[in-house]
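All remarks here apply to the structure that follows.
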Amino acid sequence: MSTPSGPGGGGPDPGLSVIIGERRQLINLACRLLGSLTEAEDAVQETYARWYAMTRRQRDAVESPGAWVTTVTSRICLDLLGSARARRETYVGAWLPEPLPGPAEGPGGRPGAYAGPADRITLDESVSMAFLVVLDTMTPAERVAFILHDVFCHSFAEVAQITGRTPAACRKLASAARRRVRASRAPAAPPARQAGLVRDFQKAWEAGDINALIGLLDPDATATADGGGLVTAALRPIEGAEQIARFYAGIVGRALDVTILERMVNGQPGLVAQLDGAVTVFAFDIAGDRIKHIWAVRNPEKLRPWTTG
């Protein structure tokens, strides 16, 4: 089989198979940098567009096509992170990263042979909702330096070439980011315990049992919702176990039609609820025997992998 040529042809493009082989890795990188699978797909597509905007001679001169696409994708993401900070100043309510379904999750969170962009994401700790939320507190440069070095194991010399900073500056950026991550981490509960707590939360929520909900929540727990101004959602985080329990019991009490399903969200136990036909995806941060954070994503623009096939 011959390798097709790109624009400005003249025969097979020797770099094509290399950059195609990098696509999954690029989407994984961009998703962690941007906190959005949709934006990650767009950033990688823009990278490929730039590759083919070059002449054949320019492409042949690229010593390492794989390194080239990684650099370009990272720089696109760095620019997008800067503009995203400005956009979020006008965002309605809290902004949360997009929740990612597991590879076997279908539309609406139903199990099935779902083959979509989410299947190209490696679901590990670096894509958990808790981790992505911490990443969003970093400056764009901190986030890029930390993800490239600590998650994707690029040297600081490589990070410096990508970001246009010195290796020493990149080392400081990654160190500052690392401190943020460490400060936010609590001892994680074993996976089976996490799944059990989420299941208990589901049952107590369905029953509207406020006392049971309070018992599952850390006294200082926080619940954050993201509706993006497109659907009804609490505009500010709800703090405290009793306040959260009463709020969630009230949601179920007012809904005419409720379906709550256990699903993997960003590689960890979560819930998908359909309340009067509207889908909400819930991610949890669990430490010890209590739920410390609940993140509820309701913005339909962030739920397309969950609602469309």
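In the structure tokens, chains take the letters A, B, ... in the order shown, each chain's residues start at 1, and ligands count up from 1 in the order shown.
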
| request: With a distance cut-off of 8 Å and only C-alpha atoms, select the neighbouring residues of range 28-45 of chain A, excluding the residue or stretch itself and same-chain residues fewer than 2 positions from it, and output the selection as a PyMOL selection string. | output: chain A and resi 23-26+47-49+73-74+76-78+80-81+97-98+100+117-118+120-122+126-127+132+136+143-144+147-148+152+302

Go ahead and dump the residues you just picked, N, CA, C and O atoms, as a CSV table (one decimal), in the first residue's frame.
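Written output follows (out_28.csv):
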chain,number,residue,atom,x,y,z
A,23,ARG,N,-1.9,10.6,16.5
A,23,ARG,CA,-3.2,11.3,16.7
A,23,ARG,C,-3.8,11.0,18.1
A,23,ARG,O,-4.2,11.9,18.8
A,24,ARG,N,-3.8,9.7,18.5
A,24,ARG,CA,-4.3,9.4,19.8
A,24,ARG,C,-3.5,10.1,20.9
A,24,ARG,O,-4.1,10.7,21.9
A,25,GLN,N,-2.2,10.1,20.8
A,25,GLN,CA,-1.4,10.7,21.8
A,25,GLN,C,-1.7,12.2,21.9
A,25,GLN,O,-1.7,12.8,23.0
A,26,LEU,N,-1.8,12.8,20.7
A,26,LEU,CA,-2.1,14.3,20.6
A,26,LEU,C,-3.4,14.6,21.3
A,26,LEU,O,-3.6,15.6,22.0
A,47,THR,N,-3.7,21.2,14.0
A,47,THR,CA,-2.3,20.8,13.8
A,47,THR,C,-2.1,20.1,12.5
A,47,THR,O,-1.1,20.4,11.7
A,48,TYR,N,-3.0,19.2,12.1
A,48,TYR,CA,-2.9,18.5,10.8
A,48,TYR,C,-3.1,19.5,9.7
A,48,TYR,O,-2.4,19.4,8.6
A,49,ALA,N,-4.0,20.5,9.8
A,49,ALA,CA,-4.2,21.5,8.8
A,49,ALA,C,-2.9,22.3,8.6
A,49,ALA,O,-2.5,22.6,7.4
A,73,THR,N,0.7,21.2,18.5
A,73,THR,CA,-0.5,21.0,19.3
A,73,THR,C,-0.4,21.7,20.6
A,73,THR,O,-1.3,22.4,21.1
A,74,SER,N,0.8,21.6,21.3
A,74,SER,CA,1.0,22.2,22.6
A,74,SER,C,0.9,23.7,22.5
A,74,SER,O,0.3,24.4,23.3
A,76,ILE,N,-0.8,25.5,20.2
A,76,ILE,CA,-2.2,25.8,19.9
A,76,ILE,C,-2.9,25.8,21.2
A,76,ILE,O,-3.7,26.7,21.5
A,77,CYS,N,-2.7,24.8,22.1
A,77,CYS,CA,-3.4,24.7,23.3
A,77,CYS,C,-3.0,25.8,24.3
A,77,CYS,O,-3.8,26.4,25.0
A,78,LEU,N,-1.7,26.2,24.3
A,78,LEU,CA,-1.3,27.3,25.1
A,78,LEU,C,-2.0,28.6,24.7
A,78,LEU,O,-2.5,29.4,25.6
A,80,LEU,N,-5.0,28.8,23.2
A,80,LEU,CA,-6.4,28.6,23.6
A,80,LEU,C,-6.6,28.8,25.1
A,80,LEU,O,-7.6,29.3,25.5
A,81,LEU,N,-5.7,28.3,25.9
A,81,LEU,CA,-5.8,28.5,27.3
A,81,LEU,C,-5.8,30.0,27.7
A,81,LEU,O,-6.6,30.4,28.6
A,97,PRO,N,-14.6,21.2,33.7
A,97,PRO,CA,-14.1,20.5,32.5
A,97,PRO,C,-15.2,19.5,32.0
A,97,PRO,O,-16.1,19.2,32.7
A,98,GLU,N,-15.1,19.1,30.8
A,98,GLU,CA,-16.0,18.2,30.2
A,98,GLU,C,-15.9,16.8,30.8
A,98,GLU,O,-14.8,16.3,31.0
A,100,LEU,N,-15.8,12.8,30.8
A,100,LEU,CA,-15.5,11.9,29.8
A,100,LEU,C,-16.1,10.5,30.1
A,100,LEU,O,-16.0,10.0,31.2
A,117,PRO,N,-14.8,9.9,20.0
A,117,PRO,CA,-13.5,10.5,20.4
A,117,PRO,C,-13.1,10.1,21.8
A,117,PRO,O,-11.9,9.9,22.1
A,118,ALA,N,-14.0,9.8,22.7
A,118,ALA,CA,-13.7,9.5,24.1
A,118,ALA,C,-12.9,8.2,24.2
A,118,ALA,O,-12.2,7.9,25.1
A,120,ARG,N,-10.5,7.4,22.5
A,120,ARG,CA,-9.1,7.7,22.3
A,120,ARG,C,-8.4,8.4,23.5
A,120,ARG,O,-7.3,8.8,23.4
A,121,ILE,N,-9.1,8.5,24.6
A,121,ILE,CA,-8.6,9.1,25.8
A,121,ILE,C,-8.2,8.0,26.7
A,121,ILE,O,-9.0,7.1,27.1
A,122,THR,N,-7.0,8.0,27.2
A,122,THR,CA,-6.5,7.1,28.2
A,122,THR,C,-7.0,7.6,29.6
A,122,THR,O,-6.6,8.7,30.0
A,126,SER,N,-4.6,11.4,35.7
A,126,SER,CA,-4.4,12.7,35.1
A,126,SER,C,-5.6,13.3,34.3
A,126,SER,O,-5.5,14.3,33.7
A,127,VAL,N,-6.7,12.5,34.2
A,127,VAL,CA,-7.8,13.0,33.5
A,127,VAL,C,-9.1,12.9,34.5
A,127,VAL,O,-10.2,13.2,34.1
A,132,LEU,N,-8.4,17.6,36.8
A,132,LEU,CA,-8.6,18.6,35.8
A,132,LEU,C,-9.1,19.9,36.5
A,132,LEU,O,-8.7,21.0,36.0
A,136,ASP,N,-7.1,23.6,36.2
A,136,ASP,CA,-7.8,24.9,35.8
A,136,ASP,C,-7.4,26.1,36.7
A,136,ASP,O,-7.7,27.2,36.3
A,143,ARG,N,0.4,25.1,33.4
A,143,ARG,CA,-0.3,23.9,33.0
A,143,ARG,C,0.4,23.1,31.9
A,143,ARG,O,0.6,21.9,32.0
A,144,VAL,N,0.8,23.9,30.9
A,144,VAL,CA,1.5,23.3,29.8
A,144,VAL,C,2.8,22.6,30.3
A,144,VAL,O,3.2,21.5,29.9
A,147,ILE,N,2.0,19.4,32.5
A,147,ILE,CA,1.5,18.3,31.7
A,147,ILE,C,2.5,17.7,30.8
A,147,ILE,O,2.7,16.5,30.8
A,148,LEU,N,3.3,18.5,30.1
A,148,LEU,CA,4.3,18.0,29.2
A,148,LEU,C,5.4,17.3,30.0
A,148,LEU,O,5.8,16.2,29.5
A,152,PHE,N,3.5,13.6,30.5
A,152,PHE,CA,3.9,13.1,29.3
A,152,PHE,C,5.5,12.9,29.1
A,152,PHE,O,6.0,12.5,28.1
A,302,LYS,N,-21.3,20.4,26.8
A,302,LYS,CA,-20.2,19.6,27.3
A,302,LYS,C,-20.6,18.1,27.4
A,302,LYS,O,-19.8,17.3,27.9

| Per DSSP on the backbone, what are the alpha helix (DSSP H) residues of range 82-239 of chain A, as a PyMOL selection string? | chain A and resi 82-87+129-135+140-146+156-163+167-184+191-207+210-216

Selected residues written out with C-alpha atoms, as an mmCIF file, in the first residue's frame:
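Saved file selection21.cif follows:
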data_model
loop_
_atom_site.group_PDB
_atom_site.id
_atom_site.type_symbol
_atom_site.label_atom_id
_atom_site.label_comp_id
_atom_site.auth_asym_id
_atom_site.auth_seq_id
_atom_site.Cartn_x
_atom_site.Cartn_y
_atom_site.Cartn_z
ATOM 1 C CA GLY A 82 -4.965 32.191 27.306
ATOM 2 C CA SER A 83 -8.124 33.105 25.403
ATOM 3 C CA ALA A 84 -10.216 30.716 27.530
ATOM 4 C CA ARG A 85 -9.384 32.669 30.686
ATOM 5 C CA ALA A 86 -10.856 35.763 29.078
ATOM 6 C CA ARG A 87 -13.956 33.893 27.858
ATOM 7 C CA MET A 129 -12.312 15.470 37.354
ATOM 8 C CA ALA A 130 -10.485 16.376 40.571
ATOM 9 C CA PHE A 131 -7.178 16.589 38.711
ATOM 10 C CA LEU A 132 -8.616 18.639 35.825
ATOM 11 C CA VAL A 133 -10.247 21.066 38.245
ATOM 12 C CA VAL A 134 -6.864 21.676 39.898
ATOM 13 C CA LEU A 135 -5.239 22.138 36.490
ATOM 14 C CA PRO A 140 -1.560 28.493 31.030
ATOM 15 C CA ALA A 141 2.237 28.279 31.149
ATOM 16 C CA GLU A 142 2.210 26.296 34.426
ATOM 17 C CA ARG A 143 -0.343 23.880 33.043
ATOM 18 C CA VAL A 144 1.521 23.260 29.805
ATOM 19 C CA ALA A 145 4.905 22.842 31.513
ATOM 20 C CA PHE A 146 3.472 20.485 34.146
ATOM 21 C CA PHE A 156 12.527 20.553 30.309
ATOM 22 C CA ALA A 157 14.686 21.263 27.261
ATOM 23 C CA GLU A 158 11.832 19.995 25.075
ATOM 24 C CA VAL A 159 9.260 21.923 27.093
ATOM 25 C CA ALA A 160 11.359 25.056 26.669
ATOM 26 C CA GLN A 161 11.348 24.689 22.887
ATOM 27 C CA ILE A 162 7.587 24.271 22.891
ATOM 28 C CA THR A 163 6.775 27.168 25.220
ATOM 29 C CA PRO A 167 14.481 25.185 30.705
ATOM 30 C CA ALA A 168 15.026 26.792 34.120
ATOM 31 C CA ALA A 169 11.821 28.812 33.781
ATOM 32 C CA CYS A 170 9.895 25.705 32.723
ATOM 33 C CA ARG A 171 11.246 23.829 35.722
ATOM 34 C CA LYS A 172 9.941 26.577 38.022
ATOM 35 C CA LEU A 173 6.542 26.559 36.301
ATOM 36 C CA ALA A 174 6.202 22.793 36.675
ATOM 37 C CA SER A 175 7.315 22.975 40.314
ATOM 38 C CA ALA A 176 4.676 25.608 41.105
ATOM 39 C CA ALA A 177 2.033 23.474 39.400
ATOM 40 C CA ARG A 178 3.185 20.399 41.310
ATOM 41 C CA ARG A 179 2.722 22.239 44.606
ATOM 42 C CA ARG A 180 -0.864 23.075 43.646
ATOM 43 C CA VAL A 181 -1.568 19.427 42.886
ATOM 44 C CA ARG A 182 -0.025 18.210 46.145
ATOM 45 C CA ALA A 183 -1.932 20.796 48.197
ATOM 46 C CA SER A 184 -5.246 19.667 46.707
ATOM 47 C CA PRO A 191 -11.741 1.992 44.034
ATOM 48 C CA ALA A 192 -14.226 -0.452 45.548
ATOM 49 C CA ARG A 193 -14.891 1.936 48.421
ATOM 50 C CA GLN A 194 -15.384 4.828 46.007
ATOM 51 C CA ALA A 195 -17.891 2.817 43.989
ATOM 52 C CA GLY A 196 -19.707 1.811 47.185
ATOM 53 C CA LEU A 197 -20.009 5.399 48.414
ATOM 54 C CA VAL A 198 -21.293 6.602 45.052
ATOM 55 C CA ARG A 199 -23.834 3.754 45.024
ATOM 56 C CA ASP A 200 -24.946 4.630 48.563
ATOM 57 C CA PHE A 201 -25.256 8.279 47.524
ATOM 58 C CA GLN A 202 -27.423 7.245 44.576
ATOM 59 C CA LYS A 203 -29.763 5.208 46.771
ATOM 60 C CA ALA A 204 -30.064 7.923 49.431
ATOM 61 C CA TRP A 205 -30.640 10.558 46.763
ATOM 62 C CA GLU A 206 -33.333 8.537 45.008
ATOM 63 C CA ALA A 207 -35.047 8.036 48.368
ATOM 64 C CA ILE A 210 -31.463 13.785 53.833
ATOM 65 C CA ASN A 211 -29.913 12.179 56.920
ATOM 66 C CA ALA A 212 -28.354 9.384 54.850
ATOM 67 C CA LEU A 213 -26.952 11.930 52.407
ATOM 68 C CA ILE A 214 -25.458 13.978 55.241
ATOM 69 C CA GLY A 215 -23.777 10.834 56.587
ATOM 70 C CA LEU A 216 -22.081 10.222 53.232
#

| query | To one decimal place, how far is CA of Ala283 in chain A from CA of Ser128 in chain A in Å? | reply |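 So the answer is 8.7 Å.
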
| query | So how many Å separate CA of Arg59 in chain A and CA of Arg75 in chain A, to one decimal? | reply |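 Atom-to-atom, CA of Arg59 in chain A and CA of Arg75 in chain A are spaced 18.4 Å apart.
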
Surrounding residues of range 218-230 of chain A excluding itself and chain neighbours under 3 positions, 8 Å, only C-alpha atoms, as a compact mmCIF listing (two decimals) with N, CA and C atoms, in the first residue's frame:
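New file part.txt:
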# COMPACT_ATOMS: atom_id res chain seq x y z
N TYR A 91 -18.58 33.73 31.48
CA TYR A 91 -19.29 32.46 31.57
C TYR A 91 -20.31 32.54 32.70
N VAL A 92 -21.50 32.01 32.47
CA VAL A 92 -22.56 32.06 33.47
C VAL A 92 -22.36 30.93 34.48
N GLY A 93 -22.11 31.29 35.73
CA GLY A 93 -21.91 30.29 36.77
C GLY A 93 -20.52 29.70 36.74
N ALA A 94 -20.36 28.57 37.42
CA ALA A 94 -19.05 27.90 37.51
C ALA A 94 -18.74 27.18 36.20
N TRP A 95 -17.46 27.17 35.85
CA TRP A 95 -16.99 26.42 34.67
C TRP A 95 -16.33 25.14 35.16
N LEU A 96 -16.72 24.00 34.57
CA LEU A 96 -16.11 22.72 34.88
C LEU A 96 -15.60 22.07 33.61
N ILE A 214 -26.38 13.26 54.35
CA ILE A 214 -25.46 13.98 55.24
C ILE A 214 -24.37 13.04 55.75
N GLY A 215 -24.75 11.79 56.08
CA GLY A 215 -23.78 10.83 56.59
C GLY A 215 -22.73 10.43 55.57
N ALA A 233 -29.00 25.78 36.82
CA ALA A 233 -27.96 25.20 37.68
C ALA A 233 -27.60 26.22 38.75
N ALA A 234 -27.19 25.74 39.91
CA ALA A 234 -26.75 26.64 40.97
C ALA A 234 -25.56 27.45 40.46
N LEU A 235 -25.63 28.76 40.61
CA LEU A 235 -24.59 29.62 40.06
C LEU A 235 -23.33 29.64 40.93
N ARG A 236 -23.48 29.31 42.19
CA ARG A 236 -22.34 29.29 43.11
C ARG A 236 -22.24 27.92 43.78
N PRO A 237 -21.03 27.52 44.17
CA PRO A 237 -20.89 26.24 44.87
C PRO A 237 -21.72 26.21 46.15
N ILE A 238 -22.26 25.05 46.44
CA ILE A 238 -23.01 24.82 47.68
C ILE A 238 -22.05 24.19 48.67
N GLU A 239 -21.97 24.75 49.86
CA GLU A 239 -20.98 24.30 50.84
C GLU A 239 -21.65 23.74 52.08
N GLY A 240 -21.10 22.65 52.58
CA GLY A 240 -21.60 22.04 53.80
C GLY A 240 -22.50 20.85 53.51
N ALA A 241 -22.33 19.77 54.32
CA ALA A 241 -23.05 18.53 54.07
C ALA A 241 -24.56 18.71 54.13
N GLU A 242 -25.06 19.42 55.14
CA GLU A 242 -26.51 19.55 55.28
C GLU A 242 -27.10 20.35 54.14
N ILE A 244 -25.93 20.70 51.09
CA ILE A 244 -25.89 19.88 49.87
C ILE A 244 -26.99 18.83 49.89
N ARG A 290 -15.77 9.56 53.10
CA ARG A 290 -16.71 10.65 52.86
C ARG A 290 -16.49 11.26 51.47
N ILE A 291 -17.56 11.82 50.95
CA ILE A 291 -17.51 12.53 49.67
C ILE A 291 -17.14 13.98 49.96
N LYS A 292 -16.05 14.45 49.37
CA LYS A 292 -15.57 15.81 49.63
C LYS A 292 -16.06 16.81 48.58
N HIS A 293 -16.16 16.36 47.33
CA HIS A 293 -16.59 17.26 46.26
C HIS A 293 -17.56 16.52 45.34
N ILE A 294 -18.55 17.25 44.88
CA ILE A 294 -19.44 16.76 43.83
C ILE A 294 -19.41 17.79 42.70
N TRP A 295 -19.16 17.30 41.49
CA TRP A 295 -19.19 18.19 40.32
C TRP A 295 -20.30 17.72 39.40
N ALA A 296 -21.23 18.59 39.11
CA ALA A 296 -22.39 18.25 38.28
C ALA A 296 -22.32 19.07 36.99
N VAL A 297 -22.13 18.39 35.87
CA VAL A 297 -22.05 19.07 34.58
C VAL A 297 -23.40 18.95 33.90
N ARG A 298 -24.04 20.08 33.65
CA ARG A 298 -25.36 20.11 33.04
C ARG A 298 -25.35 20.82 31.69
N ASN A 299 -24.30 21.59 31.42
CA ASN A 299 -24.20 22.31 30.15
C ASN A 299 -24.27 21.31 28.99
N PRO A 300 -25.34 21.36 28.18
CA PRO A 300 -25.48 20.35 27.12
C PRO A 300 -24.35 20.37 26.09

| task | Write down as a PyMOL selection string the residues belonging to range 62-308 of chain A that are assigned strand (DSSP E or B) by DSSP computed on the backbone. | result | chain A and resi 101+105+111+188+217-226+238-239+258-265+268-275+278-287+290-297

| request: Can you work out the spacing between CA of Leu16 in chain A and CA of His149 in chain A in Å, to one decimal? | output: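 So the two atoms, CA of Leu16 in chain A and CA of His149 in chain A, lie 26.0 Å apart.
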
| task | Give me the residues within 10 Å of Asp124 in chain A as an NGL selection string, counting only C-alpha atoms and dropping any in the same chain fewer than 5 places off. | result | :A and (266-268)

Keeping only N, CA, C and O atoms, write the selected residues as a tab-separated table (two decimals), in the first residue's frame.
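Produced file selection03.tsv, reproduced below:
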chain	number	residue	atom	x	y	z
A	266	ASN	N	-14.79	10.03	33.77
A	266	ASN	CA	-13.35	10.33	33.82
A	266	ASN	C	-12.57	9.21	34.50
A	266	ASN	O	-11.63	9.45	35.24
A	267	GLY	N	-13.00	7.98	34.24
A	267	GLY	CA	-12.28	6.83	34.76
A	267	GLY	C	-12.57	6.48	36.20
A	267	GLY	O	-11.92	5.59	36.77
A	268	GLN	N	-13.53	7.18	36.84
A	268	GLN	CA	-13.84	6.92	38.24
A	268	GLN	C	-15.36	6.76	38.41
A	268	GLN	O	-16.13	7.23	37.56
